[in-house]
Every structure is written in structure tokens, then in C-alpha cells.
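Here is the structure we will look at, set down as C-alpha cells.
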Amino acid sequence: MKYAYTAVFTLEESGLYSVNFPDLPGCYTSGDDMSNAIYMAQDVLNLTLYDLEQDKKFIPKASKPQDIKTADEQFTSVIAVDTDTYRRYYENNPLKKH
């Protein structure tokens, strides 16, 4: 399944970027720089949605990007993922299975 959710990026004092998805409680990560933060955001979003699908739990509807409120040191970006692709990789990689 294809999804797109708005992520909130925060530049921390340490120089790291923290990332959270307001529509998905507990879905957050961080990255050493912008490129790494985007990569990590895609990974955690895929994992969160994959787990919700596997557990047959409710998947919240994504908010419109303009409806997400941010502070001065924050910005948003829409992150798109495909859990079908993630599932094929995850289920065929013995190192990823838990």
C-alpha cells in the first residue's frame, strides 16, 4: 500500500534533525544531517505502517500538510512510502525478521 504522511523536522542544538509524524503517535526518529533524517523518516514510517497492517490495527488518515502546526525551528515535508515493497524486502531478508 502506498502512503504519504507529513513529517515535522526539528534542527536540534546538537546539529541532529529529529523527525516525528504527528498523525502516528510513537513514530519518530532522527538523523545526523538532512539526507540521513529523510532516509530514517522513510524507514520509520514504513516500519510503523507495516506493523499496523500486520497487526490489522487502525491506520490514521494523513493530515493535510498545511494543517500541521510547527514552531519557528521546525519545518514539514511529506514522506511517501510503499509498504508492499517494504514487506517484500522485510519478509525475504532473514536479518530483518524479529
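Quick note on naming: the chains in the C-alpha cells go A, B, ... in the order shown, residues restart at 1 in each chain, and ligands are numbered from 1 in order of appearance.
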
As an MDAnalysis selection string, please: all residues of chain A that backbone DSSP puts in strand (DSSP E or B).
chainID A and resid 2:11 17:20 28:31 74:82

Who sits within 6 Å of A:Gln74, only C-alpha atoms, same chain under 4 positions skipped, as a ChimeraX atom specification
/A:9-10,70

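Minimum atom-to-atom distance to A:Asn46, evaluated using only C-alpha atoms, belongs to A:Tyr86 out of A:Phe21, A:Tyr86, A:Phe58, A:Tyr5.
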
Write out as an MDAnalysis selection string which residues come within 9 Å of A:Leu47 when counting only C-alpha atoms, dropping same-chain ones fewer than 5 positions away.
chainID A and resid 42 52 83 86

Please, could you write that set of residues out with N, CA and C atoms as a tab-separated table (two decimals), in the first residue's frame?
```tsv
chain	number	residue	atom	x	y	z
A	42	GLN	N	11.75	7.81	6.24
A	42	GLN	CA	11.13	6.81	5.36
A	42	GLN	C	11.14	5.44	6.03
A	52	LEU	N	1.37	-1.79	11.70
A	52	LEU	CA	-0.07	-1.57	11.84
A	52	LEU	C	-0.85	-2.48	10.89
A	83	THR	N	4.45	0.20	1.48
A	83	THR	CA	4.64	-0.92	2.40
A	83	THR	C	4.70	-2.28	1.68
A	86	TYR	N	8.32	-2.60	0.98
A	86	TYR	CA	8.97	-2.83	2.27
A	86	TYR	C	8.71	-4.26	2.74
```

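Considering only C-alpha atoms, the residue among A:Leu16, A:Ala7, A:Ile38, A:Met1 positioned nearest to A:Lys69 is A:Ala7.
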
DSSP helix (DSSP H, G or I) residues within chain A, listed as number ranges by chain
A: 34-54, 65-67, 83-91

Using C-alpha atoms, can you write the selected residues to a file as a compact mmCIF listing (two decimals), in the first residue's frame?
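Printed below is part_4.txt as written:
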```txt
# COMPACT_ATOMS: atom_id res chain seq x y z
CA MET A 34 19.10 16.28 6.36
CA SER A 35 19.78 13.42 3.96
CA ASN A 36 20.07 10.90 6.80
CA ALA A 37 16.98 12.31 8.53
CA ILE A 38 14.89 11.82 5.37
CA TYR A 39 16.20 8.27 4.96
CA MET A 40 15.43 7.49 8.61
CA ALA A 41 11.96 9.10 8.29
CA GLN A 42 11.13 6.81 5.36
CA ASP A 43 12.36 3.79 7.29
CA VAL A 44 10.41 4.50 10.48
CA LEU A 45 7.26 5.40 8.53
CA ASN A 46 7.48 2.15 6.56
CA LEU A 47 8.07 0.12 9.71
CA THR A 48 5.24 1.79 11.64
CA LEU A 49 2.70 1.34 8.84
CA TYR A 50 3.88 -2.19 8.10
CA ASP A 51 3.40 -3.13 11.77
CA LEU A 52 -0.07 -1.57 11.84
CA GLU A 53 -1.02 -3.51 8.70
CA GLN A 54 0.40 -6.77 10.07
CA PRO A 65 0.44 19.35 5.24
CA GLN A 66 -0.93 22.88 5.72
CA ASP A 67 -2.85 21.72 8.82
CA THR A 83 4.64 -0.92 2.40
CA ASP A 84 4.28 -3.61 -0.29
CA THR A 85 7.88 -3.02 -1.37
CA TYR A 86 8.97 -2.83 2.27
CA ARG A 87 7.10 -6.09 3.05
CA ARG A 88 8.78 -7.96 0.19
CA TYR A 89 12.21 -6.82 1.38
CA TYR A 90 11.49 -7.44 5.06
CA GLU A 91 9.95 -10.88 4.58
```

Distance in Å - atom CA of A:Lys56 versus atom CA of A:Val19:
25.1 Å

A:Glu12: which residues within 10 Å, counting only C-alpha atoms, same-chain residues fewer than 6 positions away excluded, as an mmCIF file with all heavy atoms, in the first residue's frame?
```cif
data_model
loop_
_atom_site.group_PDB
_atom_site.id
_atom_site.type_symbol
_atom_site.label_atom_id
_atom_site.label_comp_id
_atom_site.auth_asym_id
_atom_site.auth_seq_id
_atom_site.Cartn_x
_atom_site.Cartn_y
_atom_site.Cartn_z
ATOM 1 N N SER A 18 15.655 15.921 14.432
ATOM 2 C CA SER A 18 14.670 14.974 14.945
ATOM 3 C C SER A 18 13.457 15.043 14.024
ATOM 4 O O SER A 18 13.181 16.086 13.416
ATOM 5 C CB SER A 18 14.293 15.284 16.392
ATOM 6 O OG SER A 18 13.697 16.551 16.501
ATOM 7 N N SER A 30 15.513 10.206 14.118
ATOM 8 C CA SER A 30 16.422 11.344 13.966
ATOM 9 C C SER A 30 17.481 10.981 12.934
ATOM 10 O O SER A 30 17.639 9.821 12.562
ATOM 11 C CB SER A 30 17.080 11.706 15.294
ATOM 12 O OG SER A 30 17.909 10.659 15.739
ATOM 13 N N GLU A 73 11.657 26.758 14.738
ATOM 14 C CA GLU A 73 12.824 25.952 14.375
ATOM 15 C C GLU A 73 12.437 24.650 13.663
ATOM 16 O O GLU A 73 13.272 23.777 13.462
ATOM 17 C CB GLU A 73 13.673 25.646 15.615
ATOM 18 C CG GLU A 73 13.037 24.691 16.608
ATOM 19 C CD GLU A 73 12.001 25.334 17.550
ATOM 20 O OE1 GLU A 73 11.791 26.551 17.475
ATOM 21 O OE2 GLU A 73 11.406 24.605 18.351
ATOM 22 N N GLN A 74 11.183 24.535 13.262
ATOM 23 C CA GLN A 74 10.689 23.321 12.620
ATOM 24 C C GLN A 74 10.212 23.600 11.197
ATOM 25 O O GLN A 74 9.880 24.732 10.854
ATOM 26 C CB GLN A 74 9.520 22.738 13.417
ATOM 27 C CG GLN A 74 9.886 22.303 14.816
ATOM 28 C CD GLN A 74 8.674 21.807 15.582
ATOM 29 O OE1 GLN A 74 7.593 22.386 15.499
ATOM 30 N NE2 GLN A 74 8.868 20.731 16.326
#
```

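One distance worth recording is that between atom CA of A:Ile79 and atom CA of A:Asn93, which is 23.8 Å.
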
Do you have the atom CA of A:Asp33-atom CA of A:Val8 distance handy?
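For atom CA of A:Asp33 relative to atom CA of A:Val8, the distance reads 14.5 Å.
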
Shortest interatomic distance to A:Asn20 - which of A:Asp55, A:Thr76, A:Ala4, A:Ala71, counting only C-alpha atoms
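Closest to A:Asn20 of all the choices is A:Thr76.
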